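Structure first, commentary second.
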Amino acid sequence: MNPSGIQLFLKQNFDIQTVMPLIVVAATALLVLLLEATIRGKSRTFLTAVSLVGLGVALLLTLFNFPGAKQSSFYGMVRTDAFAQFFTVIALAAGSLTLLLSANYLPKIKSDTGEFHALVLLAVCGMILMAIGNDLIVLFLGIETMSIAMYILCGIRVDAEKSNESSLKYLLLGAFASAFLLFGIALIYGATGTTNIEALINSGGVLYGISGIKEYQWDTGAYQFAETAAQYFFILGVAFVFLGFAFKIGAVPFHMWTPDVYQGAPTSVTGFMAVGVKAAAFAALIRVFLGIVDFGDLYSSNAIAYQPLMDLKDVLLGVIWLVAVLTMTLGNLSALIQTNLKRMLAFSSIAHAGYALVGVSVALRLSGDDRDAAVGAVMFYLLAYMFMNLGAFGVVIMMNRGNDEGEHLHDYNGLASYRPLVAAAMAVFMFSLAGIPPTAGFVGKFYIFSAAVSAGTVEGYGLYFYSLAIIGVLNSIISVYYYLYPLRNMYFVSAEREHKVELRPLMSASILISTIFVLWIGVMPKGFLSRALEGAKALFFG
Amino acid sequence: MELIPTNIAPSYWLSVITFLPLVGAFVLLFLPRSEKNSARWVALLFAVVTFLVSLKLWFGFELGTPQFQFVEQCDWITFGKWKVQYFLGVDGISLLIVLLTTFLTPIVVLSAWKAVQEKVKEYMIFMLLLETAMLGALVSLDLFLFYVFWELMLIPMYFLIGIYGSNPERRRYAAIKFFIFTMVGSVFMLIGIIYLGAKYGGYTFSYPAILDAGIDVYPQMWLFLAFAVTFAIKVPMFPFHTWLPDAHTEAPTGGSVILAGILLKMGTYGFVRFAMPLFPDGVRFFMPALAVLAVIGIIYGALVAMVQPDVKRLVAFSSVSHLGYVMLGLFALNAMGVQGGIFQMISHGLSTGALFLIVGMIYERRHTRMISEFGGLAKVMPVFAACFLIVTLSSIGLPSTNGFVGEFLILIGAFTSGTNGALSSACGPGAYWFAIIAALGVIFGAVYMLWMFQRVMYGKVTNPKNENLKDLSLREFVVLAPIILFIFIMGIFPTPFLRRMEASVKYFNNHYAKQFTDVNAETASTDAPEKAKQAAVTSEKPGRAFARAREAVAVKKDADINNAPSRPGAGPALKSGMKKRAAGVPRLPELK
């Protein structure tokens with residue numbers, strides 16, 4: 001074998017460049033652990049700086065040195081297309097902002113451990129894996145890496161009961177969800193004989209199955225591949241995989257864990273969970289489900305298709321439609337009656353998952369450019385949501401006075417009079433979350449709803465999608481009420497006493513960055529939108 | 001006719017006017033909080049400069065064309081098929097409201113000189129931000145851009161009411177109510193806008209493109225409803241008006257002036273610009289309901305205003321009544337009614353704005369607005385009394401003031417339209433009663449305004465606290481004088497104002513040629529009263545029109561059957577059978 005052949009072989013299958021950001025982040029995580037052990041007693045700010053440098057390098061690599069479109073490597077295990085790039089950026093940015101927010105917050109809640117940084121970095125690793133994963137096993141690996149880090153992060157306040165409860169709850173329920181996910185993957189593998197998403201789709205829908213699924217043929221007396229059984233297995237597998245993702249997204253009816261876990265976890269972790277975990281789960285969901293949704297159509301052109309598989313698309317659409325509607329409505333209605341801002345944001349994050357699911361359900365129905373637009377809208381929405389939500393959590397962190405104080409809505413009374421800039425930033429985030437222009441949240445919602453409306457005009461599914469859009473906007477009205485509530489307290493109510501709100505540099509920087517991006521994306525969304533669209537276009541095979 | 005001139009010379013006037021206040025707000029951001037006076041001066045400077053620049057629109061406006069002028073067009077956001085443009089322009093309809101906005105803002109800034117003592121900088125920032133949002137909404141020709149500015153208006157107004165309102169408990173409620181009410185309507189409009197863009201605009205939101213596309217009749221119905229509810233909440237029309245008195249009563253003086261003067265006009269402007277031209281069939285279908293609501297608004301607003309003990313609340317309810325006139329004028333769909341409606345928007349902006357300023361001036365002195373607290377102020381404050389009287393008379397619509405011109409045109413327009421025009425065609429014979437009942441509202445208007453004026457200003461000074469009130473200061477006089485000047489200018493020489501909107505209004509009315517075919521086109525467009533009278537005499541009763549249309553259909557069917565090419569084998573029997581069936585279609589089966 002000549003050397004150039006080996007090089008080519010390596011290039012095709014072990015291209016380190018494709019996973020470079022991942023390696024950088026993982027290496028930084030290990031380095032941080034080492035540093036923490038060796039230079040004990042030093043300021044944690046140093047660890048923050050090291051982590052940020054690692055994330056920054058990874059971010060630069062992702063932005064400017066990402067392998068070309070549609071490149072898959074490691075025997076098709078990872079795929080570094082523009083879609084993966086987009087979600088990698090979200091994961092890295094979410095991690096960086098979280099670390100910035102935590103720097104001054106951790107000492108306040110007496111959980112200033114070095115592991116925190118490493119765990120955040122490892123969670124980011126998991127998210128990147130989910131973004132670039134092109135194989136169900138890799139996706140599972142990513143989810144687990146991310147989740148295990150998150151379980152610990154939730155409980156990092158060892159002395160706080162709520163934090164422990166949060167961690168345990170998340171672990172137990174998360175383990176269930178992972179089990180379902182894994183079982184679903186196994187079923188899909190059983191039915192199709194592959195776990196590779198690309199192979200799954202390129203198979204043209206023919207179910208090969210593995211040797212186990214055979215049925216006795218009475219007429220010939222031979223064992224043959226059981227096509228019917230395989231199809232049922234496949235559908236069951238799809239359902240279980242959806243369940244696993246729905247849990248991570250926090251979609252109704254798998255949302256029960258969200259409020260308690262979110263409230264109990266340290267606030268910066270809550271923010272990280274609400275944006276990072278969600279975005280990564282959406283990345284995986286989109287990659288898997290948009291690939292297999294046409295399975296029924298493809299299958300029918302190749303072999304005998306049974307009704308369940310033919311109906312897959314409509315059933316999926318119906319299920320996700322219902323889940324989206326329930327998620328939006330329940331999230332918003334529950335947020336309406338909260339008096340704790342952190343808990344309110346937890347419920348609102350459920351609602352936001354619902355808005356993104358609107359886009360997913362539209363994308364499932366559409367094809368071609370329209371599908372790309374719908375997927376791009378979801379991606380853009382998740383990006384916008386990252387900045388506005390982390391910003392809002394940043395303000396909550398800034399108001400924290402140790403323990404759980406400073407999270408109640410009346411703690412915000414009169415904030416505008418003694419901390420006008422913090423109040424203004426919070427106003428920007430709240431308006432953005434409520435979807436009022438000229439903020440990122442408005443543009444995001446606008447394109448999600450326009451995807452729904454244009455799906456209604458293009459297809460014969462008018463009622464489906466118009467109703468989705470209308471339920472969506474009705475939900476935004478509900479949300480306006482509770483998002484205005486902190487504003488009302490900050491601006492219209494005078495403070496009984498002024499709380500000490502320290503403007504620490506790293507924390508302020510994080511909030512400032514979020515504010516700038518929320519406004520920038522709101523006024524000049526062109527560049528961000530085109531990157532999202534590029535990602536959506538890169539997603540589909542063939 | 002193309003609404004957009006084909007070769008657009010690059011023009012930046014509208015951008016400059018729209019964003020100059022925003023620049024001012026940005027400059028204010030960097031002033032220290034303690035510098036209250038410089039904040040006031042900076043805001044005033046930017047507001048005045050904006051007004052001066054906007055005069056370019058008045059003088060540079062080309063008469064006699066419905067085309068948009070000072071057009072700016074470029075891409076803003078592209079996303080797949082979707083394209084959002086930065087697309088600005090003014091025509092005869094928006095020009096005057098733009099000028100009203102730039103005219104009122106410096107006055108409002110000046111009026112807050114003494115009244116706002118705390119958070120001055122923020123107040124001025126909100127005011128300038130509000131001006132940008134309003135101007136942007138008025139000059140946007142892209143529906144997305146319009147929606148962005150439309151929603152942006154809510155934010156500063158929300159803060160203005162909530163922070164600077166008078167009663168700490170009520171103002172929070174009023175601010176949130178204002179926000180939610182407006183939001184409820186506008187999200188449905190958002191869905192409508194997206195639908196229009198996707199289906200008719202070719203994935204753009206360009207207003208002229210959608211206007212040209214011609215929207216199918218059935219979607220027009222719900223689209224019109226979505227837009228109309230949004231704008232009706234803003235106007236506010238009768239059943240949607242409940243936010244208005246709360247918002248007005250609680251808002252600070254400047255906020256009330258802007259609210260009454262311009263924000264409410266956004267609702268009526270939305271009707272003229274978007275809801276009505278885009279959906280003519282929707283207008284035709286919903287016209288009876290909306291006209292009735294407009295008339296109810298006129299009478300209801302006036303009656304409720306009559307019993308208000310609070311001057312500011314009284315003026316707020318008078319707005320409901322006055323905007324009912326505007327809506328009635330717009331629905332007349334003839335040159336007089338629509339021109340009167342737009343004219344009334346401007347004059348209501350001036351006179352009601354001035355009334356709120358005056359109420360604010362009393363409030364600054366006495367910290368109460370209850371009518372019963374006053375009496376005999378004319379003796380103590382003679383200059384103030386004169387100004388108040390002029391504004392009151394303008395609000396009533398006394399000849400030689402601006403209020404008269406608007407109301408007169410509207411009533412004539414509505415009457416003409418009600419006897420032989422769009423109103424009678426859509427609502428049946430007797431639609432002229434709308435105009436007659438609305439005219440009753442004028443009387444009620446005189447009653448509540450004059451009665452209030454009498455109780456506040458005349459008689460003996462009963463309350464000792466009123467004995468030593470100071471008359472208008474120079475600043476206050478400077479605030480009121482320009483408005484009073486324009487009250488007379490517009491009342492005595494309305495022609496320059498009417499001429500600027502003439503071509504656009506004519507173009508606006510031509511949208512309905514198809515919907516109201518039974519209306520004499522001559523009457524609808526030229527509107528000479530004699531001709532209207534003639535037409536009224538010669539025209540047949542509306543009931544006949546339908547019968548005639550049915551006959552025409554039957555005749556045409558007969559003709560079709562007779563002209564049908566005879567196929568081999570199709571004997572005369574078949575033909576006569578077809579004829580029988582065709583003849584049977586339009587008639588009800590007879591009872592035997």
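Ordering of the structure tokens sets the chain letters (A, B, ...); residue numbers start at 1 within each chain; ligands are numbered from 1 in the order shown.
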Practice prompt. Step one, run DSSP on the backbone; step two, keep only residues of range 341-427 of chain B assigned to helix (DSSP H, G or I); then write them as a ChimeraX atom specification.
Written response: /B:341-366,371-373,377-380,382-396,402-420,422-427
Discussion item. Can you work out which residues from chain A touch chain B at a cut-off of 9 Å (counting only C-alpha atoms) and hand them back as a PyMOL selection string?
Written reply: chain A and resi 369-370+372-373+376+417+431+436-438+442+446-447+449-450+453-454+456-458+466+469-470+473-474+476-478+480-481+484-485+488+491-493+524-527+529-530+533
Worksheet item: With distances taken over only C-alpha atoms, which of B:Pro288, B:Thr253, B:Val49, B:Glu407 is nearest to Gly430 in chain B?
Response: B:Pro288
Worksheet entry | All residues 12 Å or closer to range 463-465 of chain A, only C-alpha atoms, same chain fewer than 6 positions away omitted, as a VMD selection string | (chain A and resid 314 317 to 322 324 to 325 358 to 366 448 to 457 471 to 472) or (chain B and resid 191 195)
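Nearest-residue note for Tyr207 in chain B: choosing from B:Val120, B:Leu143, B:Met189, B:Val461, the minimum distance belongs to B:Leu143, counting only C-alpha atoms.
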Discussion item. At a cut-off of 12 Å, using only C-alpha atoms, what residues contact Met124 in chain B? Leave out same-chain residues fewer than 2 positions from it and give the result as an MDAnalysis selection string.
Written reply: chainID B and resid 21:22 24:29 31 33 36:47 105:106 108:113 116:122 126:131 156:157 159:160 164 254:255
Extract, using only C-alpha atoms, all DNA, RNA and protein residues at most 9 Å from Ser508 in chain A, discarding same-chain residues fewer than 4 positions from it, and format them as a compact mmCIF listing (two decimals) with C-alpha atoms, in the first residue's frame.
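As written to disk, result_37.txt reads:
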```txt
# COMPACT_ATOMS: atom_id res chain seq x y z
CA LEU A 100 -18.86 33.91 32.58
CA LEU A 101 -22.04 33.99 34.62
CA GLY A 394 -27.80 36.32 34.10
CA VAL A 395 -29.88 39.09 35.62
CA MET A 398 -26.90 39.14 39.50
CA VAL A 422 -29.43 46.04 34.74
CA LEU A 503 -21.83 44.64 38.93
CA ARG A 504 -19.00 42.14 38.75
CA LEU A 512 -23.75 42.81 27.95
CA ILE A 513 -22.85 40.29 25.26
```
Discussion item. Which residues are near Ser347 in chain B? Cut-off 8 Å, only C-alpha atoms, ignore same chain within fewer than 6 positions. Put them as a ChimeraX atom specification.
Written reply: /B:402-403,406,487,490
Worksheet item: Contacts of range 357-359 of chain B at 10 Å or less, counting only C-alpha atoms, minus same-chain residues fewer than 5 places along, as an MDAnalysis selection string?
Response: chainID B and resid 107:108 111:112 252:254 256:257 310:312 315 351:352 364 368:369 384:385 387:388 391 476 479:480
With N, CA and C atoms retained, export the selected residues as a short mmCIF file (atom, residue, chain, number, x, y, z; two decimals), in the first residue's frame.
```
data_model
loop_
_atom_site.label_atom_id
_atom_site.label_comp_id
_atom_site.auth_asym_id
_atom_site.auth_seq_id
_atom_site.Cartn_x
_atom_site.Cartn_y
_atom_site.Cartn_z
N ILE B 107 -43.86 70.04 21.08
CA ILE B 107 -44.81 70.64 22.01
C ILE B 107 -44.92 69.79 23.27
N VAL B 108 -44.95 68.49 23.06
CA VAL B 108 -45.06 67.58 24.19
C VAL B 108 -43.81 67.66 25.06
N SER B 111 -44.01 70.68 27.02
CA SER B 111 -45.04 70.67 28.06
C SER B 111 -44.58 69.90 29.29
N ALA B 112 -43.59 69.03 29.12
CA ALA B 112 -43.14 68.24 30.26
C ALA B 112 -42.03 68.93 31.04
N PRO B 252 -49.26 60.43 31.86
CA PRO B 252 -48.87 61.82 32.11
C PRO B 252 -49.36 62.69 30.96
N THR B 253 -49.35 63.99 31.14
CA THR B 253 -49.90 64.89 30.12
C THR B 253 -49.32 64.62 28.74
N GLY B 254 -47.99 64.54 28.69
CA GLY B 254 -47.36 64.31 27.39
C GLY B 254 -47.81 63.01 26.77
N SER B 256 -50.63 61.49 27.29
CA SER B 256 -52.01 61.62 26.81
C SER B 256 -52.05 62.34 25.48
N VAL B 257 -51.25 63.39 25.35
CA VAL B 257 -51.27 64.16 24.11
C VAL B 257 -50.85 63.27 22.95
N ASP B 310 -64.46 63.86 35.97
CA ASP B 310 -63.04 64.12 35.82
C ASP B 310 -62.81 64.70 34.42
N VAL B 311 -62.17 65.87 34.35
CA VAL B 311 -62.02 66.54 33.06
C VAL B 311 -61.26 65.66 32.07
N LYS B 312 -60.21 65.01 32.56
CA LYS B 312 -59.37 64.24 31.65
C LYS B 312 -60.13 63.05 31.09
N VAL B 315 -62.43 64.24 28.41
CA VAL B 315 -61.77 64.44 27.12
C VAL B 315 -61.48 63.08 26.48
N SER B 351 -56.79 69.48 18.42
CA SER B 351 -57.66 70.05 19.46
C SER B 351 -57.66 69.19 20.72
N THR B 352 -57.70 67.88 20.55
CA THR B 352 -57.69 67.04 21.75
C THR B 352 -56.32 67.07 22.42
N GLU B 364 -51.25 70.61 37.05
CA GLU B 364 -49.99 71.04 37.66
C GLU B 364 -50.23 72.06 38.78
N THR B 368 -55.55 68.24 40.95
CA THR B 368 -56.83 67.53 40.84
C THR B 368 -57.40 67.85 39.47
N ARG B 369 -58.27 66.96 39.01
CA ARG B 369 -58.88 67.20 37.71
C ARG B 369 -60.39 67.16 37.82
N PHE B 384 -55.46 82.00 29.99
CA PHE B 384 -55.75 80.58 29.98
C PHE B 384 -57.18 80.33 29.51
N ALA B 385 -58.10 81.15 30.04
CA ALA B 385 -59.51 80.99 29.69
C ALA B 385 -59.71 81.18 28.20
N CYS B 387 -57.54 80.72 25.74
CA CYS B 387 -57.00 79.56 25.02
C CYS B 387 -57.93 78.37 25.15
N PHE B 388 -58.38 78.14 26.37
CA PHE B 388 -59.25 77.00 26.64
C PHE B 388 -60.52 77.11 25.80
N VAL B 391 -59.92 76.27 22.12
CA VAL B 391 -59.73 74.84 21.91
C VAL B 391 -61.06 74.10 22.08
N GLU B 476 -45.79 77.96 28.81
CA GLU B 476 -47.08 77.33 28.54
C GLU B 476 -47.79 77.97 27.36
N VAL B 479 -46.35 76.71 24.30
CA VAL B 479 -46.82 75.36 24.02
C VAL B 479 -48.16 75.40 23.29
N LEU B 480 -49.06 76.27 23.77
CA LEU B 480 -50.42 76.28 23.21
C LEU B 480 -50.53 77.08 21.91
#
```
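Here CA of Ala289 in chain B and CA of Ala426 in chain B stand 10.1 Å from one another.
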Worksheet item: Would you give me, as a list in words, the residues in range 46-174 of chain B that DSSP reads as strand (DSSP E)?
Response: Gln69, Phe70, Val71, Glu72, Gln73, Cys74, Asp75, Trp76, Ile77, Thr78, Phe79, Trp82, Lys83, Val84, Gln85, Tyr86, Phe87, Leu88, Gly89 and Val90 of chain B
